[in-house]
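Q: Have a look at this one.
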Amino acid sequence: MVPASSRLAINQATVRPQWSLAEAIEGFARQDVRGIAVWRDKLAECGIDRAAAMLEDHGMTVTGLCRGGMFPAADAVGRQAALDDNKRAIEEARAIGAQCLVVVAGGLPESSKDIAAARRMVADGLAEILPFARSAGVPLAIEPLHPMYAADRCCVNTIGEAIDLCDALGPGVGIAVDVYHLWWDPLLEAGIRRAGKERILAFHICDWLVPTTDLLLDRGMMGDGVIDIPRIRGWVEATGYDGFHEVEIFSRENWWRRDPDEVVAVCRERHRTAC
Ligand code: ZN
């Protein structure tokens with residue numbers, strides 16, 4: 001197994017306002033962080049060919065491309081637009097050698113109160129794009145998000161639901177286990193065991209701050225909150241998972257305001273001491 005220190009990856013959203021993709025690749029590599037999750041808007045700004053070359057030159061593993069999904073829509077035109085966009089995302093993921101396309105399901109269509117219908121649209125959307133993803137060799141990582149996002153961002157909210165989708169869809173689909181979204185679930189350990197090594201495509205870490213002051217942009221650095229990250233990591237690695245630990249922090253008032261080199265240094269330190 002690769003030593004834990006070299007399995008640290010950082011999602012570029014952690015330094016989103018500070019660094020372009022090119023700067024993030026260079027900045028992470030400078031401190032010997034060799035895993036990065038890439039965002040599509042940053043990738044577009046950089047250019048796919050340039051990004052692919054830079055990633056390779058710096059020996060970076062792309063732990064995921066963020067993101068696909070967002071399937072539910074009020075009408076067929078909207079649903080088709082989402083499918084088309086997901087296919088583009090799959091092509092981008094393949095072009096930069098991403099280990100998976102992270103799929104955030106999407107929430108309720110405008111003016112809908114039917115979450116069951118939204119969940120069906122997610123299952124249908126995944127089934128539609130799956131053959132395309134399989135032929136591109138890009139696994140789809142369904143990321144269950146905390147239920148506070150069910151309305152506007154993601155109606156797949158537990159690890160159990162995500163694995164049910166995997167079971168229904170078959171090969172080419174797995175999950176992203178993000179401690180921020182899943183730590184509270186009494187069925188998390190059982191869910192991780194049920195998912196197994198084959199279906200855990202990514203492991204995301206950060207911390208849950210008390211109090212949390214913003215539903216989206218107040219994630220904590222590992223060690224600053226209440227999540228027992230070593231315990232969850234133990235469950236994940238008990239499956240045989242030996243992939244990266246990807247730090248993913250959206251933090252408008254704290255980490256996004258700091259010197260990005262310092263943020264990377266603290267990620268390295270906390271990965272060693274708090275994970
Ligand atoms: Zn995540």
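Ordering of the structure tokens sets the chain letters (A, B, ...), residue numbers begin anew at 1 in every chain, and ligands are numbered from 1 in the order given.
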Running DSSP on the backbone, which parts of region 145-209 of chain A land in alpha helix (DSSP H), as a VMD selection string?

A: chain A and resid 159 to 169 179 to 182 188 to 199

Q: Could the residues of region 9-74 of chain A that have an atom at most 10 Å from region 251-256 of chain A be listed as CSV, each with its closest atom pair and the distance in Å to one decimal, counting only C-alpha atoms and ordered by chain and ascending residue number?

A:
residue,atom,partner,partner_atom,distance
A:Ala13,CA,A:Trp256,CA,9.0
A:Thr14,CA,A:Trp256,CA,7.2
A:Val15,CA,A:Trp256,CA,5.9
A:Arg16,CA,A:Trp256,CA,7.0
A:Pro17,CA,A:Trp256,CA,6.3
A:Gln18,CA,A:Trp256,CA,6.9
A:Trp19,CA,A:Trp256,CA,9.9

Q: The selected residues should be written to file as a tab-separated table (two decimals), in the first residue's frame (atoms: all heavy atoms).

A:
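Here's the written file result-v8.tsv:
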chain	number	residue	atom	x	y	z
A	13	ALA	N	-11.35	23.17	-5.25
A	13	ALA	CA	-12.30	24.11	-4.64
A	13	ALA	C	-11.81	24.62	-3.29
A	13	ALA	O	-12.23	25.68	-2.83
A	13	ALA	CB	-13.66	23.43	-4.46
A	14	THR	N	-10.90	23.88	-2.68
A	14	THR	CA	-10.35	24.28	-1.38
A	14	THR	C	-9.59	25.61	-1.48
A	14	THR	O	-9.48	26.34	-0.50
A	14	THR	CB	-9.45	23.14	-0.85
A	14	THR	OG1	-10.22	21.93	-0.84
A	14	THR	CG2	-8.93	23.42	0.54
A	15	VAL	N	-9.06	25.88	-2.66
A	15	VAL	CA	-8.38	27.17	-2.90
A	15	VAL	C	-9.00	27.86	-4.12
A	15	VAL	O	-8.32	28.49	-4.91
A	15	VAL	CB	-6.86	26.98	-3.11
A	15	VAL	CG1	-6.18	26.69	-1.77
A	15	VAL	CG2	-6.55	25.86	-4.09
A	16	ARG	N	-10.30	27.71	-4.22
A	16	ARG	CA	-11.01	28.16	-5.42
A	16	ARG	C	-10.79	29.63	-5.78
A	16	ARG	O	-10.45	29.94	-6.93
A	16	ARG	CB	-12.50	27.87	-5.24
A	16	ARG	CG	-13.33	28.33	-6.38
A	16	ARG	CD	-14.80	27.97	-6.22
A	16	ARG	NE	-15.44	28.27	-7.47
A	16	ARG	CZ	-15.47	27.44	-8.51
A	16	ARG	NH1	-14.96	26.25	-8.42
A	16	ARG	NH2	-16.01	27.81	-9.64
A	17	PRO	N	-10.99	30.57	-4.84
A	17	PRO	CA	-10.83	31.97	-5.26
A	17	PRO	C	-9.37	32.36	-5.46
A	17	PRO	O	-9.09	33.32	-6.18
A	17	PRO	CB	-11.43	32.77	-4.09
A	17	PRO	CG	-11.90	31.79	-3.10
A	17	PRO	CD	-11.38	30.44	-3.44
A	18	GLN	N	-8.46	31.64	-4.82
A	18	GLN	CA	-7.06	32.07	-4.85
A	18	GLN	C	-6.35	31.63	-6.12
A	18	GLN	O	-5.51	32.35	-6.65
A	18	GLN	CB	-6.29	31.49	-3.64
A	18	GLN	CG	-6.77	31.94	-2.28
A	18	GLN	CD	-7.62	30.87	-1.59
A	18	GLN	OE1	-8.49	30.28	-2.23
A	18	GLN	NE2	-7.39	30.63	-0.31
A	19	TRP	N	-6.63	30.40	-6.59
A	19	TRP	CA	-5.80	29.81	-7.63
A	19	TRP	C	-6.59	29.34	-8.85
A	19	TRP	O	-7.64	28.70	-8.72
A	19	TRP	CB	-5.03	28.59	-7.07
A	19	TRP	CG	-3.74	28.94	-6.39
A	19	TRP	CD1	-3.05	30.12	-6.46
A	19	TRP	CD2	-2.96	28.07	-5.54
A	19	TRP	NE1	-1.91	30.03	-5.71
A	19	TRP	CE2	-1.81	28.79	-5.14
A	19	TRP	CE3	-3.12	26.76	-5.10
A	19	TRP	CZ2	-0.84	28.25	-4.31
A	19	TRP	CZ3	-2.15	26.21	-4.26
A	19	TRP	CH2	-1.02	26.95	-3.87

Q: Which residue out of A:Arg193, A:His245, A:Arg257, A:Arg199 has the minimum interatomic distance to ligand 1 when only C-alpha atoms and all ligand atoms are used?

A: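 For ligand 1, the nearest of the candidates is A:His245.
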
Q: Could you give me the residues within 9 Å of ligand 1, counting only C-alpha atoms and all ligand atoms, as a short mmCIF file (atom, residue, chain, number, x, y, z; two decimals) with C-alpha atoms, in the first residue's frame?

A:
data_model
loop_
_atom_site.label_atom_id
_atom_site.label_comp_id
_atom_site.auth_asym_id
_atom_site.auth_seq_id
_atom_site.Cartn_x
_atom_site.Cartn_y
_atom_site.Cartn_z
CA ASN A 11 -9.96 19.32 -4.35
CA VAL A 102 -18.35 13.07 -9.52
CA GLU A 143 -22.00 11.54 -4.25
CA PRO A 144 -24.77 11.48 -1.65
CA LEU A 145 -25.09 14.95 -0.15
CA ALA A 176 -17.99 9.12 -3.42
CA VAL A 177 -17.86 8.89 0.37
CA ASP A 178 -17.66 12.42 1.78
CA VAL A 179 -17.41 12.60 5.56
CA TYR A 180 -19.09 16.03 5.57
CA HIS A 181 -22.27 14.65 4.02
CA ALA A 202 -13.46 8.57 -3.90
CA PHE A 203 -13.04 9.51 -0.25
CA HIS A 204 -13.56 13.19 0.61
CA ILE A 205 -12.51 14.77 3.89
CA CYS A 206 -13.08 18.02 5.75
CA GLU A 246 -9.26 14.21 -0.94
CA VAL A 247 -9.56 17.40 1.08
CA GLU A 248 -12.60 19.33 -0.09
CA ILE A 249 -13.30 22.56 1.78
#

Q: Using only C-alpha atoms, which residues sit within 9 Å of Arg119 (chain A) once same-chain residues fewer than 2 positions away are excluded, as a list in words?

A: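 Neighbouring residues, sequence-local ones excluded: Pro72, Ala105, Gly106, Gly107, Leu108, Asp114, Ile115, Ala116, Ala117, Met121, Val122, Ala123, Asp124, Cys155 and Val156 of chain A.
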
Q: Which distance in Å separates CA of Arg79 (chain A) and CA of Pro131 (chain A), to one decimal?

A: 17.2 Å

Q: CA of Phe250 (chain A) and CA of Arg30 (chain A), how far apart in Å?

A: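 For CA of Arg30 (chain A) relative to CA of Phe250 (chain A), the distance reads 21.9 Å.
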
Q: Contacts of region 261-268 of chain A at 7 Å or less, counting only C-alpha atoms, minus same-chain residues fewer than 4 places along, as a VMD selection string?

A: chain A and resid 27 to 28 255 272

Q: Take the residues from that selection and put them in a file with C-alpha atoms, as a PDB file, in the first residue's frame.

A:
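Full text of out04.pdb as output:
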ATOM      1  CA  GLY A  27       1.051  24.903  -5.884  1.00  0.00           C
ATOM      2  CA  PHE A  28      -0.002  21.406  -4.851  1.00  0.00           C
ATOM      3  CA  TRP A 255      -9.735  29.184   4.122  1.00  0.00           C
ATOM      4  CA  ARG A 272      -1.117  13.686   9.191  1.00  0.00           C
TER       5      ARG A 272
END
